[in-house]
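A.B. asks: This is the structure I want to talk about, given as structure tokens.
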Amino acid sequence: MRRELQALEASNAERVSKHLVMAARYLDDDPEFALEHANAAVRKAGRIGAVREVAGIAAYAAGDYALALKELRTHRRISGSQAHLPLMVDAQRALGRVDKAMEEATSDAAESLDAEGKAELAMVVSGIHADAGDDQAALTALEIPQLDKNRGFSYSPKLFRAYADALRAVGRDSEAMSWDRQAIVAEAALGMGQFSEPEIVDLGDDLDDEEARRTVREAQKRHSAERPGEDAPAVSTDSDGHQPPAEEEAAADNDAPGERVGREPETDTDRDRG
């Protein structure tokens with residue numbers, strides 16, 4: 001993204017980058033506000049593929065599916081990337097264009113997706129079948145090579161839970177419980193969900209002492225204040241907040257070694273968090 005922004009005049013590139021940072025920061029907590037920043041970036045740098053990509057993702061998160069389709073199609077046209085095909089198919093589904101959604105989901109472009117993309121697309125297709133009342137087809141859509149109960153990748157917990165829900169819909173409750181448990185095991189192995197590690201602030205060498213202290217105080221406030229209805233963040237070892245390299249490689253190639261997922265941990269959740 002930094003390289004793409006170098007095509008802009010320097011002061012404009014700085015303004016656009018700040019909007020993109022704010023869009024990313026608020027994407028989960030306030031997607032409408034994130035979309036405002038993304039739209040501001042588009043107004044200043046509409047020909048930059050990464051900017052249209054961020055706008056499409058923010059629009060999808062905010063529930064503006066027509067805008068999400070527009071922006072993600074523009075990003076695809078500029079970049080040639082099919083990475084967001086699952087979001088585009090889901091946006092078509094949300095807009096009631098089921099036939100168009102299925103057409104894109106079964107296109108040649110779908111075959112070019114990486115393992116994570118294929119897992120995401122399978123969940124969207126499963127949802128389309130479930131919407132139509134075909135629970136068996138919804139289950140079958142999830143039975144893909146990425147559904148490996150003994151290996152954990154970044155997409156595994158979500159895929160395992162989707163499969164558990166599909167099993168439950170066809171009356172296979174005991175199997176569903178097993179997959180629900182395995183989703184928790186995968187999260188524990190990957191350090192995701194309730195097992196995720198806290199944000200670690202990189203102060204850098206160019207910050208003075210007072211700015212460094214202020215940065216740390218702000219980070220501590222973010223992680224000490226519980227949000228309504230949510231558990232306090234788990235405290236564990238240092239992390240930079242990004243996926244482990246093994247997960248990133250696994251998302252690109254499903255044959256790459258993933259985290260081994262064993263049986264359900266014997267320790268209770270509180271001790272795992274510690």
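Ligands are numbered from 1 in the order shown, residues from 1 within each chain, and chains are lettered A, B, ... in the order they appear in the structure tokens.
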Tell me, as a ChimeraX atom specification, which residues lie within 9 Å of Ile57 (chain A), counting only C-alpha atoms; anything in the same chain fewer than 2 positions away does not count.

C.D. replies: /A:27,35,52-55,59-62,68,71-72,84,87

A.B. asks: Excluding Arg73 (chain A) and its own-chain neighbours fewer than 2 positions away, which residues fall within 10 Å of it when counting only C-alpha atoms? Please give them as a list of chain:residue names.

C.D. replies: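 The contact residues come out as A:Arg52, A:Glu53, A:Gly56, A:Leu67, A:Ala68, A:Leu69, A:Lys70, A:Glu71, A:His75, A:Arg76, A:Arg77, A:Ile78, A:Ser79, A:Gly80, A:Ser81, A:Gln82, A:His84, A:Leu85, A:Met88.
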
A.B. asks: Save out the residues we just selected, N, CA, C and O atoms, as a PDB file, in the first residue's frame.

C.D. replies:
ATOM      1  N   ARG A  52      -9.295   1.760  -3.053  1.00  0.00           N
ATOM      2  CA  ARG A  52     -10.607   1.212  -3.397  1.00  0.00           C
ATOM      3  C   ARG A  52     -10.849  -0.099  -2.648  1.00  0.00           C
ATOM      4  O   ARG A  52     -11.987  -0.432  -2.300  1.00  0.00           O
ATOM      5  N   GLU A  53      -9.795  -0.857  -2.418  1.00  0.00           N
ATOM      6  CA  GLU A  53      -9.906  -2.102  -1.654  1.00  0.00           C
ATOM      7  C   GLU A  53     -10.392  -1.816  -0.235  1.00  0.00           C
ATOM      8  O   GLU A  53     -11.323  -2.466   0.270  1.00  0.00           O
ATOM      9  N   GLY A  56     -14.000  -0.811  -0.231  1.00  0.00           N
ATOM     10  CA  GLY A  56     -14.895  -1.942  -0.423  1.00  0.00           C
ATOM     11  C   GLY A  56     -15.073  -2.760   0.837  1.00  0.00           C
ATOM     12  O   GLY A  56     -16.195  -3.158   1.190  1.00  0.00           O
ATOM     13  N   LEU A  67     -22.362  -0.548  -2.514  1.00  0.00           N
ATOM     14  CA  LEU A  67     -21.095   0.196  -2.584  1.00  0.00           C
ATOM     15  C   LEU A  67     -19.913  -0.759  -2.478  1.00  0.00           C
ATOM     16  O   LEU A  67     -18.895  -0.580  -3.151  1.00  0.00           O
ATOM     17  N   ALA A  68     -20.036  -1.776  -1.627  1.00  0.00           N
ATOM     18  CA  ALA A  68     -18.949  -2.750  -1.481  1.00  0.00           C
ATOM     19  C   ALA A  68     -18.654  -3.425  -2.814  1.00  0.00           C
ATOM     20  O   ALA A  68     -17.485  -3.573  -3.206  1.00  0.00           O
ATOM     21  N   LEU A  69     -19.709  -3.824  -3.532  1.00  0.00           N
ATOM     22  CA  LEU A  69     -19.525  -4.444  -4.845  1.00  0.00           C
ATOM     23  C   LEU A  69     -18.829  -3.485  -5.813  1.00  0.00           C
ATOM     24  O   LEU A  69     -17.881  -3.869  -6.518  1.00  0.00           O
ATOM     25  N   LYS A  70     -19.274  -2.253  -5.831  1.00  0.00           N
ATOM     26  CA  LYS A  70     -18.697  -1.256  -6.726  1.00  0.00           C
ATOM     27  C   LYS A  70     -17.203  -1.071  -6.456  1.00  0.00           C
ATOM     28  O   LYS A  70     -16.374  -1.087  -7.375  1.00  0.00           O
ATOM     29  N   GLU A  71     -16.854  -0.904  -5.187  1.00  0.00           N
ATOM     30  CA  GLU A  71     -15.458  -0.627  -4.838  1.00  0.00           C
ATOM     31  C   GLU A  71     -14.572  -1.861  -5.037  1.00  0.00           C
ATOM     32  O   GLU A  71     -13.443  -1.746  -5.529  1.00  0.00           O
ATOM     33  N   HIS A  75     -11.401  -2.308  -7.471  1.00  0.00           N
ATOM     34  CA  HIS A  75     -10.098  -2.807  -7.014  1.00  0.00           C
ATOM     35  C   HIS A  75      -9.640  -3.980  -7.872  1.00  0.00           C
ATOM     36  O   HIS A  75      -8.462  -4.059  -8.256  1.00  0.00           O
ATOM     37  N   ARG A  76     -10.551  -4.883  -8.193  1.00  0.00           N
ATOM     38  CA  ARG A  76     -10.196  -6.036  -9.027  1.00  0.00           C
ATOM     39  C   ARG A  76      -9.754  -5.587 -10.415  1.00  0.00           C
ATOM     40  O   ARG A  76      -8.788  -6.128 -10.973  1.00  0.00           O
ATOM     41  N   ARG A  77     -10.451  -4.597 -10.961  1.00  0.00           N
ATOM     42  CA  ARG A  77     -10.090  -4.107 -12.293  1.00  0.00           C
ATOM     43  C   ARG A  77      -8.704  -3.444 -12.289  1.00  0.00           C
ATOM     44  O   ARG A  77      -7.921  -3.615 -13.219  1.00  0.00           O
ATOM     45  N   ILE A  78      -8.387  -2.724 -11.229  1.00  0.00           N
ATOM     46  CA  ILE A  78      -7.096  -2.036 -11.144  1.00  0.00           C
ATOM     47  C   ILE A  78      -5.962  -3.015 -10.868  1.00  0.00           C
ATOM     48  O   ILE A  78      -4.893  -2.949 -11.485  1.00  0.00           O
ATOM     49  N   SER A  79      -6.201  -3.937  -9.934  1.00  0.00           N
ATOM     50  CA  SER A  79      -5.124  -4.808  -9.456  1.00  0.00           C
ATOM     51  C   SER A  79      -5.066  -6.171 -10.131  1.00  0.00           C
ATOM     52  O   SER A  79      -4.024  -6.829 -10.136  1.00  0.00           O
ATOM     53  N   GLY A  80      -6.191  -6.630 -10.670  1.00  0.00           N
ATOM     54  CA  GLY A  80      -6.259  -7.976 -11.229  1.00  0.00           C
ATOM     55  C   GLY A  80      -6.440  -9.052 -10.167  1.00  0.00           C
ATOM     56  O   GLY A  80      -6.486 -10.237 -10.483  1.00  0.00           O
ATOM     57  N   SER A  81      -6.570  -8.657  -8.904  1.00  0.00           N
ATOM     58  CA  SER A  81      -6.678  -9.616  -7.804  1.00  0.00           C
ATOM     59  C   SER A  81      -8.116 -10.101  -7.623  1.00  0.00           C
ATOM     60  O   SER A  81      -9.065  -9.323  -7.689  1.00  0.00           O
ATOM     61  N   GLN A  82      -8.247 -11.406  -7.353  1.00  0.00           N
ATOM     62  CA  GLN A  82      -9.545 -12.011  -7.058  1.00  0.00           C
ATOM     63  C   GLN A  82      -9.706 -12.273  -5.556  1.00  0.00           C
ATOM     64  O   GLN A  82     -10.624 -12.972  -5.140  1.00  0.00           O
ATOM     65  N   HIS A  84     -10.849 -10.827  -3.036  1.00  0.00           N
ATOM     66  CA  HIS A  84     -12.082 -10.487  -2.320  1.00  0.00           C
ATOM     67  C   HIS A  84     -13.330 -11.058  -2.985  1.00  0.00           C
ATOM     68  O   HIS A  84     -14.447 -10.590  -2.727  1.00  0.00           O
ATOM     69  N   LEU A  85     -13.152 -12.079  -3.794  1.00  0.00           N
ATOM     70  CA  LEU A  85     -14.307 -12.722  -4.426  1.00  0.00           C
ATOM     71  C   LEU A  85     -15.329 -13.212  -3.404  1.00  0.00           C
ATOM     72  O   LEU A  85     -16.544 -13.046  -3.613  1.00  0.00           O
ATOM     73  N   MET A  88     -17.477 -10.349  -2.447  1.00  0.00           N
ATOM     74  CA  MET A  88     -18.325  -9.932  -3.559  1.00  0.00           C
ATOM     75  C   MET A  88     -19.512 -10.881  -3.729  1.00  0.00           C
ATOM     76  O   MET A  88     -20.645 -10.449  -3.968  1.00  0.00           O
TER      77      MET A  88
END

A.B. asks: List the spatial neighbours of Arg2 (chain A) as a PyMOL selection string - criterion: any atom at most 12 Å away, only C-alpha atoms, same-chain residues fewer than 5 positions off excluded.

C.D. replies: chain A and resi 7-8+10+13-14+16-18+20-21+48-51

A.B. asks: Next, dump the selected residues to file, keeping only all heavy atoms, as a short mmCIF file (atom, residue, chain, number, x, y, z; two decimals), in the first residue's frame.

C.D. replies:
data_model
loop_
_atom_site.label_atom_id
_atom_site.label_comp_id
_atom_site.auth_asym_id
_atom_site.auth_seq_id
_atom_site.Cartn_x
_atom_site.Cartn_y
_atom_site.Cartn_z
N ALA A 7 2.61 7.03 -5.71
CA ALA A 7 2.18 7.64 -6.98
C ALA A 7 1.52 9.00 -6.75
O ALA A 7 1.34 9.77 -7.70
CB ALA A 7 1.21 6.71 -7.70
N LEU A 8 1.17 9.30 -5.50
CA LEU A 8 0.50 10.56 -5.18
C LEU A 8 1.51 11.63 -4.79
O LEU A 8 2.65 11.33 -4.41
CB LEU A 8 -0.47 10.35 -4.01
CG LEU A 8 -1.57 9.31 -4.20
CD1 LEU A 8 -2.34 9.13 -2.89
CD2 LEU A 8 -2.52 9.71 -5.32
N ALA A 10 3.22 14.11 -2.31
CA ALA A 10 3.62 13.70 -0.95
C ALA A 10 2.61 14.11 0.12
O ALA A 10 2.22 13.29 0.97
CB ALA A 10 5.00 14.28 -0.62
N ALA A 13 -0.52 12.06 -0.26
CA ALA A 13 -0.28 10.68 0.17
C ALA A 13 -0.36 10.57 1.69
O ALA A 13 -0.90 9.59 2.23
CB ALA A 13 1.08 10.21 -0.33
N GLU A 14 0.15 11.58 2.38
CA GLU A 14 0.10 11.55 3.85
C GLU A 14 -1.34 11.65 4.35
O GLU A 14 -1.74 10.92 5.26
CB GLU A 14 0.93 12.70 4.43
CG GLU A 14 0.96 12.69 5.95
CD GLU A 14 1.85 13.78 6.52
OE1 GLU A 14 2.46 14.52 5.73
OE2 GLU A 14 1.91 13.88 7.76
N VAL A 16 -4.08 10.78 2.71
CA VAL A 16 -4.77 9.54 2.36
C VAL A 16 -4.38 8.43 3.32
O VAL A 16 -5.24 7.66 3.79
CB VAL A 16 -4.46 9.14 0.91
CG1 VAL A 16 -4.97 7.73 0.61
CG2 VAL A 16 -5.08 10.14 -0.06
N SER A 17 -3.10 8.33 3.63
CA SER A 17 -2.64 7.26 4.52
C SER A 17 -3.28 7.39 5.90
O SER A 17 -3.63 6.39 6.53
CB SER A 17 -1.11 7.28 4.63
OG SER A 17 -0.66 8.46 5.29
N LYS A 18 -3.48 8.62 6.37
CA LYS A 18 -4.11 8.81 7.68
C LYS A 18 -5.57 8.35 7.65
O LYS A 18 -6.06 7.75 8.60
CB LYS A 18 -4.01 10.27 8.10
CG LYS A 18 -2.60 10.70 8.48
CD LYS A 18 -2.53 12.16 8.89
CE LYS A 18 -1.11 12.54 9.30
NZ LYS A 18 -1.03 13.98 9.67
N LEU A 20 -6.72 6.01 5.76
CA LEU A 20 -6.70 4.54 5.70
C LEU A 20 -6.42 3.94 7.07
O LEU A 20 -6.99 2.92 7.45
CB LEU A 20 -5.65 4.08 4.69
CG LEU A 20 -5.90 4.49 3.24
CD1 LEU A 20 -4.78 3.97 2.34
CD2 LEU A 20 -7.25 3.98 2.74
N VAL A 21 -5.52 4.58 7.82
CA VAL A 21 -5.23 4.11 9.18
C VAL A 21 -6.49 4.19 10.03
O VAL A 21 -6.82 3.25 10.78
CB VAL A 21 -4.09 4.94 9.80
CG1 VAL A 21 -4.00 4.68 11.30
CG2 VAL A 21 -2.76 4.60 9.13
N ILE A 48 -6.09 4.71 -6.94
CA ILE A 48 -5.18 3.81 -6.25
C ILE A 48 -5.94 2.55 -5.84
O ILE A 48 -6.94 2.61 -5.11
CB ILE A 48 -4.57 4.49 -5.01
CG1 ILE A 48 -3.85 5.78 -5.41
CG2 ILE A 48 -3.62 3.54 -4.29
CD1 ILE A 48 -2.69 5.58 -6.36
N GLY A 49 -5.48 1.39 -6.31
CA GLY A 49 -6.19 0.14 -6.06
C GLY A 49 -6.38 -0.16 -4.59
O GLY A 49 -7.47 -0.58 -4.17
N ALA A 50 -5.35 0.05 -3.77
CA ALA A 50 -5.44 -0.26 -2.35
C ALA A 50 -6.49 0.59 -1.65
O ALA A 50 -7.14 0.16 -0.70
CB ALA A 50 -4.09 -0.08 -1.68
N VAL A 51 -6.65 1.83 -2.11
CA VAL A 51 -7.65 2.72 -1.53
C VAL A 51 -9.06 2.20 -1.82
O VAL A 51 -9.92 2.16 -0.94
CB VAL A 51 -7.48 4.15 -2.06
CG1 VAL A 51 -8.63 5.04 -1.60
CG2 VAL A 51 -6.14 4.73 -1.59
#

A.B. asks: Might you pull out every residue within 10 Å of Lys118 (chain A), with only C-alpha atoms counted and same-chain residues fewer than 2 positions away left off, and present them as a VMD selection string?

C.D. replies: chain A and resid 83 85 to 86 105 110 to 116 120 to 124 142 144 to 146 155 251 254

A.B. asks: I need the residue nearest Val89 (chain A) from this list: A:Pro31, A:Val170, A:Asp108, A:Val125. Use only C-alpha atoms for the distance.

C.D. replies: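 Between A:Pro31, A:Val170, A:Asp108, A:Val125, the residue approaching Val89 (chain A) most closely is A:Val125.
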
A.B. asks: Per DSSP on the backbone, what are the alpha helix (DSSP H) residues of region 70-190 of chain A, as a ChimeraX atom specification?

C.D. replies: /A:70-79,85-94,98-105,108-111,115-131,135-141,156-169,173-190

A.B. asks: Of the residues A:Asp148, A:Asp131, A:Asp30, A:Glu187, which is the one nearest to Gly96 (chain A), using only C-alpha atoms?

C.D. replies: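 Ranking A:Asp148, A:Asp131, A:Asp30, A:Glu187 by distance to Gly96 (chain A), first place goes to A:Asp131.
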
A.B. asks: Which distance in Å separates CA of Glu143 (chain A) and CA of Tyr65 (chain A), to one decimal?

C.D. replies: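 Between these atoms lies a distance of 27.4 Å.
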
A.B. asks: Using only C-alpha atoms, which of the listed residues (A:Glu36, A:Asp165, A:Glu9, A:Asp173) sits closest to Ala24 (chain A)?

C.D. replies: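 Checking each candidate against Ala24 (chain A), we get A:Glu36 as the closest.
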
A.B. asks: Between CA of Asn150 (chain A) and CA of Asp180 (chain A), what is the distance, to one decimal in Å?

C.D. replies: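 Computing it gives 13.4 Å between the two atoms.
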